[in-house]
Structures are given as structure tokens and as C-alpha cells.
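Novice: If you scroll down you'll find the structure; I have some questions about it.
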Amino acid sequence: MTTAADVRVKPRKSSWTPSQIILTLLGTAVSVVFLSPLAWGLFTSLKSETEAVAVPPHWLPKDWTSQAWKALFETGNITNWFVNSVVVSVCVTTVVLIVSALAGYGFARTEFRGKGVLMGVVMAGLMISPAVLGVPLFTTVQQMGMVDTYWGMILPQCAPAAMVYILYKFFQGIPRELEEAAFIDGAGRWRVFFTIVVPLARPSLAAVGIFTFIASWNNFLWPYMVTNNPDLMTMPNGIATVMNSYGIQWAQLMAGGLMAGLPLIIVFVFFQRQIVAGVAHTGLAGQ
């Protein structure tokens, strides 16, 4: 009689198929292409200014130095710029989440006069570049006395049509039976929204919040137009001012770019699963 001890389990051989090998090589090549600019910026920031502009260029520094990073902190008010960027981006993200969720749910679940016209206005906002609205927005902000204020930088960024449309498409996919059951139990529209709809929309809300935060953090044009006070500048504007005042110092420029992009890299590394899940739940894949 054969016992379990007599049975030898052969180790499973993991063999790579040709398609897996090709996809792995393609993924590696794409990763190298996307990581090369970051590596170049990091190595350049650790060079001296003379070596940074040397021809022909070379990847690794001959003399490793942190002179560019020290000069960046000495010549610019990095702390204030970083705090300003955090305040503006967090406030814009919070307001956009509230406005987009309420507007998207209203379009998806309620019927009111002029709904089609308002939805057309929202869709038209997807086709208009924000740069086109710069002059009228600045005129409005100036008349309201919000130049060189946080509100002047925050409020004009708080009505993105794309985020309203993303949440609108997601709310359309929620089964109406869930809400009807809650209505039968005596729940009101607001209670249904906060206790049923919002929990179901967490992946999409996370994606909208992350996209909004990244866009607000990288926004250069609008804060540049509405801010003249150096103490209120955001990271992109502050670093650009330092570069313009002291000439183009390539090592400092790379150090500043890495400093400004570091929070976004951290956000993507820690929230990439929410980004993918949010895009998958928006309902845009089949549009």
C-alpha cells in the first residue's frame, strides 16, 4: 500500500512563455524610458554648475556635491512655498470633491427644469482650455479684491467639468434599487447620499481627489497670474522666480524640479491602487 510518505511531489517548474517574456521586456523598456528623466535630474542636481553645462554631457557626476541643493534653500523661501502649495492643493481638492460629488449625483439621480442645458454647459467646459479663461477670471478676481490671497488662487480652480462628469458616470451605474429600498425605509435624499452613495463611490472619489491634487500642485499659470507677493507663491512659481532672478542654474533647476515633484511621486506610490481602481469604477472604459 502506498503511503503519503512514499509519494514524492515534484517541484513545479515555472516556465516563461514567449508572450510573458516579450511583455516583461516591453514593460522594462517603458519603465526605463519614464525613469530616465528622473535619474538625469537627480544626477544633474548633484553636479557643480560648471559640470552641469559641460559638453558633451555625461550621466554620473565626476565630483559629487550638494551645492545646488544648499543654494536652492539659501536663495529661495522653500518652506513658505511648500506650505502654500499644500494649503492651496488641499483646499482645492476638498472643495472639488464636495462640488463634484453633489453635482454629479444631482445630474444622475434628480430631474429638474433645465437639466439638459446645465449638463450641456458642463460638457462644454470639457472643450474649453483653462488658459482661455485666464483674463476674465483674473478680472473677476481683481474686482472682488482677492488678488494676492489664498482664495484668489483656490476658488477659480474649484469647478472642473471633467471631475463632475467622472462622478456623474459612476453615479449612473449605481443600482436604483439600493436607493429605493432606503426611501421605503424612510430615509431622505441626503441620508441616502451620505450613507449609501458616498461609501460606494469611495474608489472614484479617491481617484478624483488624487487627480485634482496633482493638477492643483502642478498649476503654474493661474497662481503666477494672481500672485505678486513672494510669501504667497507656490512651489512651481517660487522656483521659477529663483531661476529668473539668478539666471539659469541647471543644477539648481533640477534640484528644484525634484523638490516640487517629490510630493507627487509619494502620492502616486502610496495611492496607485486607488487611482487604478477609481478609473476602473468611473465607467469611462467603454465610452
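Chain labels A, B, ... are given in the sequence in which chains occur in the C-alpha cells; within each chain residues are numbered consecutively from 1, and ligands are likewise numbered from 1 in the order shown.
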Residues at most 9 Å from Arg109 in chain A, counting only C-alpha atoms, excluding those fewer than 4 positions away in the same chain, as JSON, numbers by chain?
Specialist: {"A": [104, 105, 171, 172, 176]}
Novice: Show which residues sit within 8 Å of range 133-147 of chain A, as a list in words. Count only C-alpha atoms, and ignore same-chain residues fewer than 5 positions away.
Specialist: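 Residues near the query, excluding close chain neighbours: Gly152, Pro156, Trp222, Met225, Val226 and Thr227 of chain A.
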Novice: Determine, counting only C-alpha atoms, which protein, DNA and RNA residues have an atom within 10 Å of an atom of Phe211 in chain A; residues of the same chain fewer than 4 positions away are not included. Present the result as a PyMOL selection string.
Specialist: chain A and resi 93+163+205-207+215-217+268+275
Novice: Name all residues at most 12 Å from Ala39 in chain A (count only C-alpha atoms; drop same-chain ones fewer than 5 positions away) and give them as an MDAnalysis selection string.
Specialist: chainID A and resid 31:34 44:46 59:61 254:255 258
Novice: Generate the output file for the selected residues, N, CA, C and O atoms, as a PDB file, in the first residue's frame.
Specialist:
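Okay, part.pdb is ready:
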ATOM      1  N   SER A  31       9.572  51.362 -18.561  1.00  0.00           N
ATOM      2  CA  SER A  31       9.967  51.872 -17.239  1.00  0.00           C
ATOM      3  C   SER A  31      11.273  52.646 -17.319  1.00  0.00           C
ATOM      4  O   SER A  31      11.422  53.700 -16.690  1.00  0.00           O
ATOM      5  N   VAL A  32      12.217  52.127 -18.104  1.00  0.00           N
ATOM      6  CA  VAL A  32      13.496  52.826 -18.262  1.00  0.00           C
ATOM      7  C   VAL A  32      13.299  54.182 -18.920  1.00  0.00           C
ATOM      8  O   VAL A  32      13.903  55.193 -18.525  1.00  0.00           O
ATOM      9  N   VAL A  33      12.426  54.232 -19.922  1.00  0.00           N
ATOM     10  CA  VAL A  33      12.168  55.495 -20.616  1.00  0.00           C
ATOM     11  C   VAL A  33      11.576  56.530 -19.661  1.00  0.00           C
ATOM     12  O   VAL A  33      11.958  57.705 -19.668  1.00  0.00           O
ATOM     13  N   PHE A  34      10.620  56.108 -18.803  1.00  0.00           N
ATOM     14  CA  PHE A  34       9.977  57.051 -17.894  1.00  0.00           C
ATOM     15  C   PHE A  34      10.865  57.425 -16.718  1.00  0.00           C
ATOM     16  O   PHE A  34      10.751  58.532 -16.177  1.00  0.00           O
ATOM     17  N   THR A  44      22.112  65.344 -12.219  1.00  0.00           N
ATOM     18  CA  THR A  44      22.494  66.716 -12.546  1.00  0.00           C
ATOM     19  C   THR A  44      22.460  67.604 -11.309  1.00  0.00           C
ATOM     20  O   THR A  44      23.299  68.498 -11.143  1.00  0.00           O
ATOM     21  N   SER A  45      21.486  67.385 -10.418  1.00  0.00           N
ATOM     22  CA  SER A  45      21.402  68.193  -9.198  1.00  0.00           C
ATOM     23  C   SER A  45      22.569  67.943  -8.263  1.00  0.00           C
ATOM     24  O   SER A  45      22.830  68.764  -7.373  1.00  0.00           O
ATOM     25  N   LEU A  46      23.289  66.841  -8.440  1.00  0.00           N
ATOM     26  CA  LEU A  46      24.442  66.517  -7.600  1.00  0.00           C
ATOM     27  C   LEU A  46      25.766  66.877  -8.274  1.00  0.00           C
ATOM     28  O   LEU A  46      26.827  66.465  -7.817  1.00  0.00           O
ATOM     29  N   TRP A  59      26.364  61.228 -17.634  1.00  0.00           N
ATOM     30  CA  TRP A  59      25.332  60.906 -16.649  1.00  0.00           C
ATOM     31  C   TRP A  59      25.806  61.120 -15.220  1.00  0.00           C
ATOM     32  O   TRP A  59      25.253  61.943 -14.490  1.00  0.00           O
ATOM     33  N   LEU A  60      26.807  60.407 -14.803  1.00  0.00           N
ATOM     34  CA  LEU A  60      27.240  60.451 -13.409  1.00  0.00           C
ATOM     35  C   LEU A  60      28.165  61.635 -13.161  1.00  0.00           C
ATOM     36  O   LEU A  60      29.006  61.973 -14.012  1.00  0.00           O
ATOM     37  N   PRO A  61      28.023  62.303 -12.022  1.00  0.00           N
ATOM     38  CA  PRO A  61      28.929  63.417 -11.707  1.00  0.00           C
ATOM     39  C   PRO A  61      30.347  62.923 -11.457  1.00  0.00           C
ATOM     40  O   PRO A  61      30.549  61.858 -10.855  1.00  0.00           O
ATOM     41  N   MET A 254      17.309  71.523 -11.628  1.00  0.00           N
ATOM     42  CA  MET A 254      16.976  70.109 -11.440  1.00  0.00           C
ATOM     43  C   MET A 254      16.638  69.809  -9.984  1.00  0.00           C
ATOM     44  O   MET A 254      15.699  69.048  -9.694  1.00  0.00           O
ATOM     45  N   ALA A 255      17.366  70.412  -9.062  1.00  0.00           N
ATOM     46  CA  ALA A 255      17.066  70.205  -7.641  1.00  0.00           C
ATOM     47  C   ALA A 255      15.686  70.753  -7.295  1.00  0.00           C
ATOM     48  O   ALA A 255      14.915  70.118  -6.554  1.00  0.00           O
ATOM     49  N   LEU A 258      12.960  68.435  -8.731  1.00  0.00           N
ATOM     50  CA  LEU A 258      12.794  67.231  -7.919  1.00  0.00           C
ATOM     51  C   LEU A 258      12.092  67.545  -6.602  1.00  0.00           C
ATOM     52  O   LEU A 258      11.255  66.769  -6.128  1.00  0.00           O
TER      53      LEU A 258
END
Novice: List the spatial neighbours of Val164 in chain A as a compact mmCIF listing (two decimals) with N, CA and C atoms, in the first residue's frame - criterion: any atom at most 12 Å away, only C-alpha atoms, same-chain residues fewer than 4 positions off excluded.
Specialist:
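Generated output (part-v5.txt):
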# COMPACT_ATOMS: atom_id res chain seq x y z
N VAL A 96 -13.41 70.62 -4.55
CA VAL A 96 -13.75 69.91 -5.78
C VAL A 96 -14.48 68.61 -5.48
N LEU A 97 -14.05 67.87 -4.46
CA LEU A 97 -14.72 66.63 -4.10
C LEU A 97 -16.16 66.89 -3.69
N ILE A 98 -16.38 67.93 -2.89
CA ILE A 98 -17.74 68.24 -2.44
C ILE A 98 -18.61 68.68 -3.60
N VAL A 99 -18.12 69.63 -4.39
CA VAL A 99 -18.91 70.17 -5.50
C VAL A 99 -19.16 69.10 -6.57
N SER A 100 -18.13 68.34 -6.93
CA SER A 100 -18.28 67.34 -7.99
C SER A 100 -19.21 66.21 -7.57
N ALA A 101 -19.12 65.78 -6.30
CA ALA A 101 -19.99 64.71 -5.83
C ALA A 101 -21.45 65.15 -5.82
N LEU A 102 -21.71 66.34 -5.32
CA LEU A 102 -23.09 66.82 -5.27
C LEU A 102 -23.64 67.07 -6.68
N ALA A 103 -22.83 67.69 -7.54
CA ALA A 103 -23.30 67.98 -8.90
C ALA A 103 -23.49 66.69 -9.69
N GLY A 104 -22.53 65.76 -9.58
CA GLY A 104 -22.66 64.51 -10.31
C GLY A 104 -23.86 63.70 -9.87
N TYR A 105 -24.12 63.65 -8.57
CA TYR A 105 -25.28 62.91 -8.06
C TYR A 105 -26.58 63.61 -8.46
N GLY A 106 -26.57 64.92 -8.44
CA GLY A 106 -27.76 65.66 -8.85
C GLY A 106 -28.11 65.42 -10.30
N PHE A 107 -27.12 65.41 -11.17
CA PHE A 107 -27.39 65.15 -12.59
C PHE A 107 -27.81 63.70 -12.83
N ALA A 108 -27.27 62.78 -12.05
CA ALA A 108 -27.53 61.36 -12.28
C ALA A 108 -28.86 60.88 -11.72
N LEU A 118 -27.97 72.61 -18.42
CA LEU A 118 -26.85 72.65 -17.49
C LEU A 118 -25.83 71.55 -17.78
N MET A 119 -26.32 70.36 -18.14
CA MET A 119 -25.39 69.29 -18.49
C MET A 119 -24.61 69.64 -19.74
N VAL A 121 -23.73 72.66 -20.54
CA VAL A 121 -22.73 73.63 -20.11
C VAL A 121 -21.53 72.92 -19.50
N VAL A 122 -21.82 71.89 -18.69
CA VAL A 122 -20.73 71.12 -18.09
C VAL A 122 -19.90 70.43 -19.17
N MET A 123 -20.56 69.83 -20.15
CA MET A 123 -19.84 69.17 -21.23
C MET A 123 -19.04 70.17 -22.07
N GLY A 125 -17.63 72.73 -20.89
CA GLY A 125 -16.43 73.04 -20.11
C GLY A 125 -15.28 72.09 -20.38
N LEU A 126 -15.58 70.88 -20.86
CA LEU A 126 -14.52 69.93 -21.20
C LEU A 126 -13.76 70.35 -22.45
N CYS A 158 -11.86 75.44 -8.58
CA CYS A 158 -12.77 74.54 -7.87
C CYS A 158 -13.98 74.11 -8.69
N ALA A 159 -13.97 74.30 -9.99
CA ALA A 159 -15.12 73.88 -10.81
C ALA A 159 -14.66 73.13 -12.05
N PRO A 160 -14.00 71.98 -11.88
CA PRO A 160 -13.54 71.22 -13.05
C PRO A 160 -14.67 70.37 -13.64
N TYR A 168 -20.48 61.73 -12.31
CA TYR A 168 -21.82 61.58 -12.91
C TYR A 168 -21.96 60.20 -13.57
N LYS A 169 -20.95 59.79 -14.31
CA LYS A 169 -21.00 58.48 -14.95
C LYS A 169 -20.98 57.35 -13.92
N PHE A 170 -20.25 57.54 -12.83
CA PHE A 170 -20.23 56.50 -11.80
C PHE A 170 -21.58 56.39 -11.10
N PHE A 171 -22.17 57.53 -10.74
CA PHE A 171 -23.45 57.50 -10.04
C PHE A 171 -24.55 56.89 -10.91
N SER A 204 -13.93 56.00 -6.78
CA SER A 204 -13.98 57.12 -7.73
C SER A 204 -13.64 58.44 -7.04
N LEU A 205 -14.11 58.64 -5.82
CA LEU A 205 -13.78 59.85 -5.08
C LEU A 205 -12.28 59.93 -4.82
N VAL A 208 -10.63 60.95 -8.12
CA VAL A 208 -10.88 62.38 -8.39
C VAL A 208 -10.03 63.25 -7.47
N GLY A 209 -9.96 62.88 -6.20
CA GLY A 209 -9.15 63.66 -5.25
C GLY A 209 -7.68 63.66 -5.61
N THR A 212 -7.10 65.72 -8.82
CA THR A 212 -7.25 67.15 -8.53
C THR A 212 -6.05 67.68 -7.77
N THR A 282 -15.13 54.31 -12.84
CA THR A 282 -15.80 55.52 -13.33
C THR A 282 -16.77 55.24 -14.46
Novice: In Å, how far is it from CA of Ile128 in chain A to CA of Leu221 in chain A?
Specialist: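 Between CA of Ile128 in chain A and CA of Leu221 in chain A the gap is 15.7 Å.
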Novice: Per DSSP on the backbone, what are the helix (DSSP H, G or I) residues of range 23-234 of chain A, as a PyMOL selection string?
Specialist: chain A and resi 23-45+49-52+67-75+78-109+115-125+130-143+150-157+161-172+176-184+189-200+202-218+221-226+230-232
Novice: Taking into account only C-alpha atoms, which residue in the set A:Met259, A:Ile210, A:Val55, A:Ala162 is nearest to Val90 in chain A?
Specialist: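 Among the listed residues, A:Ile210 lies closest to Val90 in chain A.
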